[in-house]
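Just target_9.cif here, mmCIF, C-alpha atoms:
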```cif
data_entry
loop_
_atom_site.label_atom_id
_atom_site.label_comp_id
_atom_site.auth_asym_id
_atom_site.auth_seq_id
_atom_site.Cartn_x
_atom_site.Cartn_y
_atom_site.Cartn_z
CA MET A 648 -34.37 -120.85 -13.48
CA ARG A 649 -32.45 -122.27 -10.55
CA LYS A 650 -35.12 -124.90 -9.98
CA SER A 651 -35.26 -125.91 -13.63
CA ARG A 652 -31.48 -126.31 -13.65
CA THR A 653 -31.41 -128.76 -10.73
CA LEU A 654 -34.37 -130.55 -12.26
CA ASN A 655 -32.59 -131.00 -15.57
CA LEU A 656 -29.43 -132.02 -13.76
CA GLY A 657 -31.36 -134.65 -11.83
CA THR A 658 -33.10 -135.97 -14.93
CA GLY A 659 -29.86 -135.98 -16.87
CA SER A 660 -27.90 -137.89 -14.25
CA PHE A 661 -30.74 -140.38 -13.84
CA VAL A 662 -30.90 -141.08 -17.57
CA LEU A 663 -27.10 -141.32 -17.76
CA LEU A 664 -27.03 -143.74 -14.84
CA GLY A 665 -29.80 -145.82 -16.40
CA PHE A 666 -28.06 -146.11 -19.74
CA ALA A 667 -24.76 -146.85 -18.02
CA ALA A 668 -26.52 -149.72 -16.22
CA LEU A 669 -27.98 -151.10 -19.46
CA PHE A 670 -24.59 -150.75 -21.14
CA PHE A 671 -22.98 -152.64 -18.29
CA LEU A 672 -25.54 -155.43 -18.53
CA THR A 673 -25.14 -155.88 -22.28
CA THR A 674 -21.36 -155.70 -22.40
CA GLN A 675 -20.01 -156.86 -19.07
CA THR A 676 -22.30 -159.70 -18.05
CA THR A 677 -22.44 -161.39 -21.47
CA SER A 678 -19.82 -162.88 -23.72
CA HIS A 679 -21.35 -161.26 -26.79
CA GLY A 680 -20.79 -157.67 -25.84
CA LEU A 681 -17.09 -158.19 -25.41
CA ALA A 682 -16.74 -159.04 -29.07
CA VAL A 683 -17.72 -155.54 -30.15
CA PHE A 684 -14.81 -154.00 -28.32
CA GLY A 685 -12.61 -157.07 -28.52
CA PRO A 686 -9.12 -157.04 -30.01
CA ALA A 687 -8.33 -157.80 -33.65
CA HIS A 688 -8.95 -161.42 -34.45
CA TYR A 689 -8.98 -164.07 -37.16
CA GLN A 690 -11.28 -167.04 -37.62
CA VAL A 691 -10.49 -170.68 -38.20
CA THR A 692 -12.76 -173.73 -38.41
CA ALA A 693 -12.46 -177.19 -36.92
CA LYS A 694 -14.60 -180.27 -37.55
CA PHE A 695 -15.44 -182.61 -34.72
CA ASP A 696 -17.23 -185.98 -34.65
CA ASN A 697 -18.99 -185.02 -31.42
CA ILE A 698 -18.85 -181.74 -29.58
CA GLY A 699 -20.84 -182.82 -26.51
CA ASP A 700 -22.45 -179.73 -25.02
CA LEU A 701 -19.96 -177.19 -26.33
CA LYS A 702 -21.64 -173.79 -26.47
CA VAL A 703 -21.15 -170.66 -28.51
CA GLY A 704 -18.94 -168.33 -26.44
CA ALA A 705 -16.89 -171.14 -24.92
CA PRO A 706 -13.22 -170.27 -24.51
CA VAL A 707 -10.43 -171.59 -26.74
CA SER A 708 -7.26 -172.06 -24.76
CA MET A 709 -3.68 -173.01 -25.40
CA SER A 710 -1.58 -174.24 -22.49
CA GLY A 711 -4.40 -172.96 -20.29
CA VAL A 712 -4.22 -169.43 -21.68
CA GLU A 713 -7.34 -168.13 -23.37
CA VAL A 714 -6.54 -167.31 -26.99
CA GLY A 715 -10.04 -167.00 -28.42
CA ARG A 716 -13.67 -168.02 -28.31
CA VAL A 717 -16.14 -170.25 -30.12
CA THR A 718 -18.32 -168.01 -32.29
CA LYS A 719 -20.47 -170.42 -34.26
CA ILE A 720 -21.45 -174.07 -34.23
CA ASP A 721 -22.87 -175.68 -37.33
CA PHE A 722 -23.52 -179.16 -38.68
CA ASP A 723 -22.01 -180.47 -41.89
CA SER A 724 -24.67 -182.80 -43.33
CA ASN A 725 -22.28 -184.26 -45.93
CA GLU A 726 -19.65 -185.46 -43.50
CA TYR A 727 -21.98 -185.74 -40.49
CA LYS A 728 -19.63 -183.66 -38.39
CA ALA A 729 -19.96 -180.59 -36.23
CA VAL A 730 -18.28 -177.51 -37.69
CA VAL A 731 -17.01 -175.13 -35.03
CA LEU A 732 -15.92 -171.61 -35.88
CA LEU A 733 -13.17 -170.32 -33.60
CA ARG A 734 -12.28 -166.65 -33.29
CA LEU A 735 -8.65 -166.34 -32.25
CA ASN A 736 -6.95 -163.23 -30.99
CA GLU A 737 -4.64 -161.68 -33.57
CA ARG A 738 -1.93 -161.53 -30.91
CA PHE A 739 -1.61 -165.31 -31.09
CA ASN A 740 -0.97 -165.57 -34.82
CA LYS A 741 1.83 -168.14 -34.65
CA ILE A 742 -0.20 -171.29 -34.13
CA PRO A 743 1.14 -174.05 -36.43
CA THR A 744 -1.29 -175.39 -39.06
CA ASP A 745 -0.94 -178.97 -37.81
CA SER A 746 -2.09 -178.06 -34.30
CA ASP A 747 -4.50 -180.32 -32.53
CA ALA A 748 -7.93 -179.17 -31.20
CA SER A 749 -9.62 -181.17 -28.45
CA ILE A 750 -12.73 -180.57 -26.39
CA TYR A 751 -12.21 -180.63 -22.64
CA THR A 752 -14.42 -180.07 -19.61
CA GLN A 753 -13.83 -177.31 -17.08
CA GLY A 754 -13.90 -178.93 -13.66
CA LEU A 755 -16.04 -181.97 -13.01
CA LEU A 756 -19.38 -180.56 -14.15
CA GLY A 757 -18.27 -177.32 -15.77
CA GLY A 758 -18.84 -176.22 -19.33
CA LYS A 759 -16.83 -177.47 -22.30
CA PHE A 760 -13.92 -175.61 -23.84
CA ILE A 761 -11.52 -176.18 -26.72
CA GLY A 762 -7.87 -176.79 -26.00
CA LEU A 763 -5.29 -176.32 -28.76
CA THR A 764 -1.99 -178.18 -28.71
CA ALA A 765 0.74 -176.77 -30.93
CA GLY A 766 2.03 -178.89 -33.78
CA GLY A 767 5.40 -178.65 -35.47
CA ALA A 768 4.66 -177.11 -38.87
CA ASP A 769 6.42 -173.99 -40.13
CA THR A 770 3.22 -172.51 -41.54
CA TYR A 771 0.77 -170.79 -39.23
CA LEU A 772 -3.02 -170.70 -39.02
CA LYS A 773 -4.55 -167.67 -40.68
CA ASP A 774 -8.03 -166.33 -41.32
CA GLY A 775 -10.20 -169.03 -42.91
CA SER A 776 -7.90 -171.98 -42.38
CA GLN A 777 -9.05 -175.26 -40.92
CA ILE A 778 -7.67 -177.34 -38.08
CA ASP A 779 -7.46 -180.94 -39.35
CA PHE A 780 -6.52 -182.80 -36.19
CA THR A 781 -9.43 -182.82 -33.78
CA GLN A 782 -10.49 -184.92 -30.86
CA SER A 783 -14.14 -185.23 -29.87
CA ALA A 784 -15.68 -184.35 -26.58
CA PHE A 785 -15.42 -186.82 -23.80
CA VAL A 786 -19.02 -187.86 -23.22
CA LEU A 787 -19.55 -189.16 -19.71
CA GLU A 788 -22.51 -191.35 -20.68
CA ASN A 789 -20.47 -193.23 -23.31
CA LEU A 790 -17.71 -193.87 -20.82
CA ILE A 791 -20.15 -195.14 -18.20
CA GLY A 792 -21.73 -197.31 -20.88
CA GLN A 793 -18.36 -198.82 -21.77
CA VAL A 794 -17.45 -199.46 -18.16
CA LEU A 795 -20.79 -201.15 -17.54
CA ALA A 796 -20.42 -203.25 -20.69
CA ASN A 797 -16.96 -204.39 -19.64
CA PHE A 798 -18.16 -205.11 -16.17
CA THR A 799 -21.09 -207.26 -17.25
CA LYS A 800 -18.91 -209.05 -19.79
CA GLN A 801 -16.35 -209.86 -17.12
CA LYS A 802 -19.05 -211.21 -14.85
CA ALA A 803 -20.51 -213.29 -17.63
CA ASP A 804 -17.07 -214.75 -18.38
CA GLU A 805 -16.61 -215.68 -14.77
CA GLN A 806 -19.97 -217.35 -14.53
CA ALA A 807 -20.02 -219.03 -17.92
CA PRO A 808 -17.61 -221.92 -17.21
CA ALA A 809 -19.16 -222.48 -13.81
CA ARG A 810 -22.57 -222.95 -15.36
CA ALA A 811 -21.32 -225.01 -18.27
CA ASP A 812 -19.49 -227.58 -16.25
CA PRO A 813 -20.21 -227.48 -12.53
CA LYS A 814 -18.52 -230.84 -11.84
CA ALA A 815 -15.30 -229.71 -13.47
CA THR A 816 -15.06 -226.72 -11.18
CA GLU A 817 -15.80 -228.89 -8.19
CA LYS A 818 -12.97 -231.20 -9.11
CA THR A 819 -10.51 -228.36 -9.42
CA LYS A 820 -11.44 -227.29 -5.91
CA MET B 917 -77.72 -164.18 -10.43
CA ILE B 918 -76.68 -165.06 -13.98
CA GLY B 919 -77.69 -161.60 -15.09
CA GLU B 920 -75.46 -160.05 -12.45
CA LEU B 921 -72.51 -162.15 -13.53
CA TRP B 922 -73.10 -161.22 -17.14
CA GLU B 923 -73.24 -157.57 -16.17
CA ASN B 924 -69.95 -157.85 -14.30
CA PHE B 925 -68.41 -159.54 -17.30
CA THR B 926 -69.56 -156.88 -19.75
CA ASP B 927 -68.40 -154.18 -17.31
CA ALA B 928 -64.93 -155.73 -17.20
CA LEU B 929 -64.89 -156.01 -20.99
CA GLU B 930 -65.95 -152.40 -21.30
CA GLY B 931 -63.17 -151.34 -18.91
CA LEU B 932 -60.59 -153.25 -20.93
CA GLY B 933 -61.83 -151.70 -24.14
CA SER B 934 -61.68 -148.20 -22.74
CA VAL B 935 -58.11 -148.76 -21.46
CA VAL B 936 -57.05 -149.88 -24.95
CA HIS B 937 -58.84 -146.91 -26.49
CA PHE B 938 -57.07 -144.63 -24.00
CA LEU B 939 -53.71 -146.19 -24.93
CA PHE B 940 -54.33 -145.44 -28.63
CA ARG B 941 -55.25 -141.87 -27.75
CA LEU B 942 -52.01 -141.48 -25.79
CA VAL B 943 -49.90 -142.99 -28.56
CA GLY B 944 -51.63 -140.83 -31.14
CA ASN B 945 -50.72 -137.72 -29.18
CA THR B 946 -47.15 -138.81 -28.57
CA PRO B 947 -45.45 -137.24 -31.63
CA ARG B 948 -46.75 -133.76 -30.76
CA VAL B 949 -45.72 -134.11 -27.13
CA LEU B 950 -42.23 -135.28 -28.11
CA LEU B 951 -41.62 -131.81 -29.53
CA ARG B 952 -42.02 -130.37 -26.03
CA PHE B 953 -39.43 -132.56 -24.43
CA SER B 954 -39.07 -130.45 -21.28
CA LEU B 955 -42.50 -131.67 -20.16
CA ILE B 956 -41.39 -135.29 -20.51
CA SER B 957 -38.02 -134.71 -18.89
CA GLN B 958 -39.75 -133.28 -15.84
CA GLN B 959 -41.86 -136.43 -15.59
CA ILE B 960 -38.80 -138.66 -16.05
CA PHE B 961 -37.43 -136.84 -13.04
CA ASN B 962 -40.64 -137.34 -11.05
CA SER B 963 -41.15 -141.01 -11.93
CA GLY B 964 -37.58 -142.08 -12.42
CA ALA B 965 -35.06 -140.06 -10.48
CA LEU B 966 -37.28 -139.85 -7.41
CA SER B 967 -37.77 -143.64 -7.41
CA LEU B 968 -34.02 -144.17 -7.59
CA ILE B 969 -33.36 -144.52 -3.86
CA ILE B 970 -36.00 -147.18 -3.25
CA ILE B 971 -34.93 -149.05 -6.41
CA MET B 972 -31.25 -149.01 -5.49
CA LEU B 973 -31.82 -150.08 -1.89
CA SER B 974 -34.18 -152.87 -2.91
CA GLY B 975 -31.80 -153.99 -5.63
CA LEU B 976 -28.93 -154.18 -3.17
CA PHE B 977 -30.86 -156.30 -0.70
CA VAL B 978 -32.44 -158.54 -3.33
CA GLY B 979 -28.97 -159.16 -4.75
CA MET B 980 -27.53 -159.87 -1.31
CA VAL B 981 -30.31 -162.36 -0.55
CA LEU B 982 -29.72 -164.04 -3.91
CA GLY B 983 -26.02 -164.25 -3.12
CA LEU B 984 -26.67 -165.82 0.27
CA GLN B 985 -29.40 -168.22 -0.82
CA GLY B 986 -27.63 -169.14 -4.04
CA PHE B 987 -24.41 -169.81 -2.17
CA GLN B 988 -26.12 -172.08 0.36
CA LEU B 989 -27.81 -174.04 -2.40
CA LEU B 990 -24.88 -174.27 -4.82
CA GLN B 991 -22.49 -175.24 -2.05
CA ARG B 992 -24.33 -178.54 -1.69
CA PHE B 993 -23.34 -179.43 -5.24
CA GLY B 994 -19.86 -178.02 -4.85
CA SER B 995 -20.38 -175.45 -7.59
CA GLU B 996 -20.28 -172.14 -5.75
CA GLU B 997 -18.56 -170.61 -8.79
CA ALA B 998 -21.88 -170.71 -10.63
CA LEU B 999 -23.20 -168.14 -8.15
CA GLY B 1000 -22.46 -165.26 -10.51
CA THR B 1001 -24.39 -166.94 -13.31
CA ALA B 1002 -27.33 -167.86 -11.11
CA ALA B 1003 -27.65 -164.42 -9.55
CA THR B 1004 -27.21 -162.55 -12.83
CA ILE B 1005 -29.69 -164.61 -14.82
CA GLY B 1006 -32.20 -164.38 -11.98
CA LEU B 1007 -31.79 -160.64 -11.72
CA VAL B 1008 -31.56 -159.68 -15.38
CA LYS B 1009 -34.41 -161.85 -16.61
CA GLU B 1010 -36.88 -161.95 -13.75
CA LEU B 1011 -36.30 -160.12 -10.52
CA GLY B 1012 -34.93 -156.92 -12.04
CA PRO B 1013 -37.90 -156.12 -14.29
CA VAL B 1014 -40.62 -157.58 -12.03
CA VAL B 1015 -39.54 -156.18 -8.67
CA THR B 1016 -38.73 -152.82 -10.25
CA ALA B 1017 -42.16 -152.72 -11.87
CA LEU B 1018 -43.90 -153.60 -8.59
CA LEU B 1019 -41.94 -150.93 -6.73
CA PHE B 1020 -42.54 -148.51 -9.58
CA ALA B 1021 -46.29 -149.12 -9.37
CA GLY B 1022 -46.13 -148.47 -5.64
CA ARG B 1023 -43.89 -145.44 -5.77
CA ALA B 1024 -44.58 -143.66 -9.06
CA GLY B 1025 -47.87 -145.23 -10.20
CA THR B 1026 -49.76 -144.18 -7.10
CA ALA B 1027 -48.28 -140.69 -7.32
CA LEU B 1028 -49.45 -140.38 -10.93
CA ALA B 1029 -52.93 -141.71 -10.20
CA SER B 1030 -53.53 -139.53 -7.16
CA GLU B 1031 -52.10 -136.44 -8.87
CA LEU B 1032 -54.32 -136.84 -11.91
CA GLY B 1033 -57.29 -137.85 -9.76
CA LEU B 1034 -56.89 -134.75 -7.64
CA MET B 1035 -56.62 -132.61 -10.78
CA ARG B 1036 -59.88 -134.19 -11.90
CA ALA B 1037 -61.51 -133.67 -8.49
CA THR B 1038 -60.47 -130.00 -8.30
CA ASP B 1039 -61.62 -129.38 -11.89
CA GLN B 1040 -58.13 -128.47 -13.09
CA LEU B 1041 -58.54 -130.74 -16.11
CA SER B 1042 -61.84 -129.09 -17.06
CA ALA B 1043 -60.23 -125.66 -16.59
CA MET B 1044 -57.54 -126.62 -19.09
CA GLU B 1045 -60.17 -127.70 -21.59
CA MET B 1046 -61.85 -124.30 -21.09
CA MET B 1047 -58.56 -122.62 -22.02
CA ALA B 1048 -58.37 -124.79 -25.16
CA VAL B 1049 -55.43 -126.73 -23.74
CA ASP B 1050 -55.81 -130.45 -24.32
CA PRO B 1051 -55.18 -132.02 -20.89
CA ILE B 1052 -54.29 -135.31 -22.55
CA GLN B 1053 -51.45 -133.62 -24.41
CA ARG B 1054 -50.36 -131.26 -21.68
CA VAL B 1055 -50.72 -133.48 -18.60
CA VAL B 1056 -51.37 -137.14 -19.35
CA VAL B 1057 -49.05 -138.02 -22.22
CA PRO B 1058 -45.88 -136.53 -20.64
CA ARG B 1059 -46.57 -138.54 -17.45
CA PHE B 1060 -47.16 -141.68 -19.46
CA LEU B 1061 -44.01 -141.26 -21.55
CA GLY B 1062 -41.95 -140.32 -18.51
CA GLY B 1063 -42.91 -143.62 -16.90
CA VAL B 1064 -42.28 -145.61 -20.09
CA ILE B 1065 -38.78 -144.14 -20.45
CA ALA B 1066 -37.89 -144.37 -16.76
CA MET B 1067 -38.90 -147.99 -16.24
CA PRO B 1068 -36.21 -149.82 -18.33
CA LEU B 1069 -33.54 -147.53 -16.92
CA LEU B 1070 -34.67 -148.25 -13.36
CA ALA B 1071 -34.75 -151.99 -14.06
CA GLY B 1072 -31.21 -151.82 -15.47
CA ILE B 1073 -29.97 -149.97 -12.40
CA PHE B 1074 -31.75 -152.48 -10.15
CA SER B 1075 -30.07 -155.43 -11.88
CA VAL B 1076 -26.58 -153.91 -11.80
CA ILE B 1077 -26.85 -153.00 -8.11
CA GLY B 1078 -28.27 -156.47 -7.46
CA ILE B 1079 -25.32 -158.15 -9.19
CA TYR B 1080 -22.94 -156.13 -7.04
CA GLY B 1081 -25.01 -157.06 -3.97
CA ALA B 1082 -24.66 -160.75 -4.86
CA GLN B 1083 -20.96 -160.22 -5.48
CA LEU B 1084 -20.62 -158.47 -2.12
CA VAL B 1085 -22.09 -161.42 -0.23
CA GLY B 1086 -20.75 -164.21 -2.43
CA VAL B 1087 -17.21 -162.99 -3.02
CA GLN B 1088 -16.43 -160.70 -0.08
CA ILE B 1089 -18.23 -162.55 2.70
CA MET B 1090 -18.64 -166.17 1.57
CA GLY B 1091 -15.34 -166.37 -0.27
CA VAL B 1092 -16.35 -167.42 -3.79
CA ASP B 1093 -13.47 -166.78 -6.18
CA SER B 1094 -13.96 -163.39 -7.78
CA GLY B 1095 -12.47 -164.44 -11.13
CA SER B 1096 -14.73 -167.44 -11.62
CA PHE B 1097 -17.74 -165.45 -10.37
CA TRP B 1098 -17.37 -163.01 -13.26
CA SER B 1099 -15.98 -165.30 -15.95
CA GLN B 1100 -18.63 -168.00 -15.50
CA MET B 1101 -21.26 -165.28 -15.61
CA ARG B 1102 -19.84 -163.93 -18.86
CA SER B 1103 -19.73 -167.30 -20.55
CA ALA B 1104 -23.20 -168.36 -19.40
CA VAL B 1105 -25.30 -165.18 -19.74
CA SER B 1106 -26.24 -164.51 -23.33
CA LEU B 1107 -27.29 -161.29 -24.94
CA SER B 1108 -30.83 -162.62 -25.38
CA ASP B 1109 -31.16 -162.87 -21.59
CA VAL B 1110 -30.41 -159.16 -21.28
CA THR B 1111 -32.70 -158.35 -24.22
CA GLU B 1112 -35.50 -160.29 -22.57
CA GLY B 1113 -35.07 -158.24 -19.40
CA ILE B 1114 -35.14 -154.97 -21.33
CA VAL B 1115 -38.22 -155.98 -23.34
CA LYS B 1116 -39.96 -156.99 -20.12
CA SER B 1117 -39.19 -153.77 -18.32
CA PHE B 1118 -40.35 -151.73 -21.32
CA VAL B 1119 -43.65 -153.61 -21.48
CA PHE B 1120 -44.11 -153.29 -17.72
CA GLY B 1121 -43.35 -149.57 -18.01
CA VAL B 1122 -46.11 -149.17 -20.60
CA ALA B 1123 -48.55 -151.24 -18.53
CA CYS B 1124 -47.84 -149.53 -15.17
CA SER B 1125 -47.91 -146.00 -16.55
CA LEU B 1126 -51.02 -146.67 -18.62
CA ILE B 1127 -52.93 -148.12 -15.65
CA ALA B 1128 -51.86 -145.24 -13.40
CA VAL B 1129 -52.80 -142.42 -15.77
CA TYR B 1130 -56.02 -144.16 -16.80
CA GLN B 1131 -57.13 -144.65 -13.20
CA GLY B 1132 -56.20 -141.07 -12.32
CA TYR B 1133 -57.76 -139.51 -15.40
CA TYR B 1134 -61.07 -141.34 -15.03
CA ALA B 1135 -61.17 -141.21 -11.21
CA THR B 1136 -64.48 -140.36 -9.57
CA PRO B 1137 -63.97 -136.67 -8.65
CA THR B 1138 -64.29 -137.15 -4.90
CA ALA B 1139 -61.82 -137.76 -2.08
CA GLU B 1140 -63.00 -141.35 -1.92
CA GLY B 1141 -62.74 -141.73 -5.69
CA VAL B 1142 -59.12 -140.60 -5.71
CA GLY B 1143 -58.31 -143.03 -2.92
CA ARG B 1144 -59.96 -145.85 -4.81
CA ALA B 1145 -58.13 -144.94 -8.02
CA THR B 1146 -54.80 -145.17 -6.17
CA THR B 1147 -55.62 -148.55 -4.67
CA THR B 1148 -56.88 -149.93 -7.97
CA THR B 1149 -53.68 -148.75 -9.65
CA VAL B 1150 -51.45 -150.79 -7.34
CA VAL B 1151 -53.62 -153.89 -7.36
CA THR B 1152 -54.23 -153.94 -11.11
CA SER B 1153 -50.60 -153.13 -11.90
CA ALA B 1154 -49.31 -155.97 -9.72
CA VAL B 1155 -51.60 -158.55 -11.31
CA VAL B 1156 -51.01 -157.30 -14.86
CA ILE B 1157 -47.21 -157.25 -14.36
CA LEU B 1158 -47.10 -160.84 -13.16
CA PHE B 1159 -49.43 -161.98 -15.94
CA LEU B 1160 -47.40 -160.21 -18.64
CA ASP B 1161 -44.22 -161.59 -17.08
CA TYR B 1162 -45.45 -165.11 -17.71
CA LEU B 1163 -46.44 -164.30 -21.28
CA ILE B 1164 -43.11 -162.71 -22.18
CA THR B 1165 -41.10 -165.47 -20.50
CA ALA B 1166 -43.04 -168.05 -22.50
CA ALA B 1167 -42.56 -166.07 -25.70
CA PHE B 1168 -38.78 -165.93 -25.23
CA LEU B 1169 -38.35 -169.64 -24.57
#
```

Any chance you could give the structure as structure tokens?
Amino acid sequence: MRKSRTLNLGTGSFVLLGFAALFFLTTQTTSHGLAVFGPAHYQVTAKFDNIGDLKVGAPVSMSGVEVGRVTKIDFDSNEYKAVVLLRLNERFNKIPTDSDASIYTQGLLGGKFIGLTAGGADTYLKDGSQIDFTQSAFVLENLIGQVLANFTKQKADEQAPARADPKATEKTK
Amino acid sequence: MIGELWENFTDALEGLGSVVHFLFRLVGNTPRVLLRFSLISQQIFNSGALSLIIIMLSGLFVGMVLGLQGFQLLQRFGSEEALGTAATIGLVKELGPVVTALLFAGRAGTALASELGLMRATDQLSAMEMMAVDPIQRVVVPRFLGGVIAMPLLAGIFSVIGIYGAQLVGVQIMGVDSGSFWSQMRSAVSLSDVTEGIVKSFVFGVACSLIAVYQGYYATPTAEGVGRATTTTVVTSAVVILFLDYLITAAFL
């Protein structure tokens, strides 16, 4: 009897420990698990021209404080825009309806997140409402492309008169 | 020459077939054995709880190595904060299930194979049959199920201890910010990563336990035969685990 008791105790604590570990892995190391036990929330949508590499689970912050998370990303094939579903904490239920949503980058190479900037309206966002003012993700490749284009254009402008009329430039010297 | 090769090939095929047949026999007997849960719980203790120390120690050191190596590598790109993500994904998806299964094959698989082999060699299994007790039901299935249940739990424990090992080295010793270690991990690790790890460890549990009880049950009833069964268990398990690991990883991509 004594032996069977310690045996059962050992088995029981092992199984408990194992399930505790699996529970920890599913809830504490992922962003999904938190949602199950998360606080009350409401959902709003926002449409962006380009979301860059925004991922589901990315934080939504206001003045640097996390107020919610991105729960779903979809594509609107009528408007050709990305539809992002944001789940905001019920605690922050006084966000004006004309607030502005922009996509920012955490650090230099970090992931993307959505930053909200408060507007001035008297009505507040509630479940199902849509944020109208959005600003697309800053895509590094586009920026580099623009800089390069400007650069080559500048160079071409500098060289163009020189090639067109070499004597003229000599005279000016 | 060709004939010999062909014979080897058909032998291997026959072995594979008999393992699959054995698996179906075990699964077929499972419902009846589940009613006598005390038999299984004893085997969970033998395969699981007794492997706990080696699993926890290995997990700690594997996690610490990951923390150290990951830190050195990520530091070059100035993104030490991603250490939590790197270590967790590595542990949960790959190292946790695979290393646990390899250790499990070495610790519990050999014990199962030699125990059953010795039972075979000392005619205990035949004695049970004489008493109209089905040795498959009474001895083999509880050992198999014990291993199948213990394996995912052990892999989970391994991963959690490993994450804390990586945190110990990364945060406490190397000075990565604790907040970003955990928050980057949470935003980057998805539930499907964890599911993949659990599926893997379950499949490895089935494979390891099946190979061990099969080798033990059909061991040649001599001292040498039992020894060979034990060796074959470890070798086959290791190869099968790594092969299955590739298959499951590819399936989850």

- Task: Would you give me, as a PyMOL selection string, the residues of chain A that come within 10 Å of chain B, using only C-alpha atoms?
- Result: chain A and resi 651+654-681+702-706+716+754-758

- Task: In the coordinate frame of the file, compute which residues have an atom within 10 Å of (-7.9, -172.1, -43.2) when using only C-alpha atoms, and state them as a ChimeraX atom specification.
- Result: /A:690-693,744,771-779

Restricting it to C-alpha atoms, dump the selection as a PDB file, in the frame of the given file.
```pdb
ATOM      1  CA  GLN A 690     -11.280-167.040 -37.620  1.00  0.00           C
ATOM      2  CA  VAL A 691     -10.490-170.680 -38.200  1.00  0.00           C
ATOM      3  CA  THR A 692     -12.760-173.730 -38.410  1.00  0.00           C
ATOM      4  CA  ALA A 693     -12.460-177.190 -36.920  1.00  0.00           C
ATOM      5  CA  THR A 744      -1.290-175.390 -39.060  1.00  0.00           C
ATOM      6  CA  TYR A 771       0.770-170.790 -39.230  1.00  0.00           C
ATOM      7  CA  LEU A 772      -3.020-170.700 -39.020  1.00  0.00           C
ATOM      8  CA  LYS A 773      -4.550-167.670 -40.680  1.00  0.00           C
ATOM      9  CA  ASP A 774      -8.030-166.330 -41.320  1.00  0.00           C
ATOM     10  CA  GLY A 775     -10.200-169.030 -42.910  1.00  0.00           C
ATOM     11  CA  SER A 776      -7.900-171.980 -42.380  1.00  0.00           C
ATOM     12  CA  GLN A 777      -9.050-175.260 -40.920  1.00  0.00           C
ATOM     13  CA  ILE A 778      -7.670-177.340 -38.080  1.00  0.00           C
ATOM     14  CA  ASP A 779      -7.460-180.940 -39.350  1.00  0.00           C
TER      15      ASP A 779
END
```

- Item | Test item: the PyMOL selection byres ((chain B and resi 1064) around 7) resolved as an MDAnalysis selection string | chainID B and resid 1060:1063 1065:1067 1118 1121:1122 1125

- Selected by the PyMOL selection byres ((chain B and resi 1126-1139) around 10) in the shown coordinates: which residues, as a ChimeraX atom specification? /B:934-936,938-939,942,1021,1024-1039,1041,1051-1052,1055-1057,1059-1061,1063-1064,1120-1125,1140-1150,1152-1153,1156

Mind writing the picked residues with C-alpha atoms as a short mmCIF file (atom, residue, chain, number, x, y, z; two decimals), keeping the file's coordinate frame?
```
data_model
loop_
_atom_site.label_atom_id
_atom_site.label_comp_id
_atom_site.auth_asym_id
_atom_site.auth_seq_id
_atom_site.Cartn_x
_atom_site.Cartn_y
_atom_site.Cartn_z
CA SER B 934 -61.68 -148.20 -22.74
CA VAL B 935 -58.11 -148.76 -21.46
CA VAL B 936 -57.05 -149.88 -24.95
CA PHE B 938 -57.07 -144.63 -24.00
CA LEU B 939 -53.71 -146.19 -24.93
CA LEU B 942 -52.01 -141.48 -25.79
CA ALA B 1021 -46.29 -149.12 -9.37
CA ALA B 1024 -44.58 -143.66 -9.06
CA GLY B 1025 -47.87 -145.23 -10.20
CA THR B 1026 -49.76 -144.18 -7.10
CA ALA B 1027 -48.28 -140.69 -7.32
CA LEU B 1028 -49.45 -140.38 -10.93
CA ALA B 1029 -52.93 -141.71 -10.20
CA SER B 1030 -53.53 -139.53 -7.16
CA GLU B 1031 -52.10 -136.44 -8.87
CA LEU B 1032 -54.32 -136.84 -11.91
CA GLY B 1033 -57.29 -137.85 -9.76
CA LEU B 1034 -56.89 -134.75 -7.64
CA MET B 1035 -56.62 -132.61 -10.78
CA ARG B 1036 -59.88 -134.19 -11.90
CA ALA B 1037 -61.51 -133.67 -8.49
CA THR B 1038 -60.47 -130.00 -8.30
CA ASP B 1039 -61.62 -129.38 -11.89
CA LEU B 1041 -58.54 -130.74 -16.11
CA PRO B 1051 -55.18 -132.02 -20.89
CA ILE B 1052 -54.29 -135.31 -22.55
CA VAL B 1055 -50.72 -133.48 -18.60
CA VAL B 1056 -51.37 -137.14 -19.35
CA VAL B 1057 -49.05 -138.02 -22.22
CA ARG B 1059 -46.57 -138.54 -17.45
CA PHE B 1060 -47.16 -141.68 -19.46
CA LEU B 1061 -44.01 -141.26 -21.55
CA GLY B 1063 -42.91 -143.62 -16.90
CA VAL B 1064 -42.28 -145.61 -20.09
CA PHE B 1120 -44.11 -153.29 -17.72
CA GLY B 1121 -43.35 -149.57 -18.01
CA VAL B 1122 -46.11 -149.17 -20.60
CA ALA B 1123 -48.55 -151.24 -18.53
CA CYS B 1124 -47.84 -149.53 -15.17
CA SER B 1125 -47.91 -146.00 -16.55
CA GLU B 1140 -63.00 -141.35 -1.92
CA GLY B 1141 -62.74 -141.73 -5.69
CA VAL B 1142 -59.12 -140.60 -5.71
CA GLY B 1143 -58.31 -143.03 -2.92
CA ARG B 1144 -59.96 -145.85 -4.81
CA ALA B 1145 -58.13 -144.94 -8.02
CA THR B 1146 -54.80 -145.17 -6.17
CA THR B 1147 -55.62 -148.55 -4.67
CA THR B 1148 -56.88 -149.93 -7.97
CA THR B 1149 -53.68 -148.75 -9.65
CA VAL B 1150 -51.45 -150.79 -7.34
CA THR B 1152 -54.23 -153.94 -11.11
CA SER B 1153 -50.60 -153.13 -11.90
CA VAL B 1156 -51.01 -157.30 -14.86
#
```
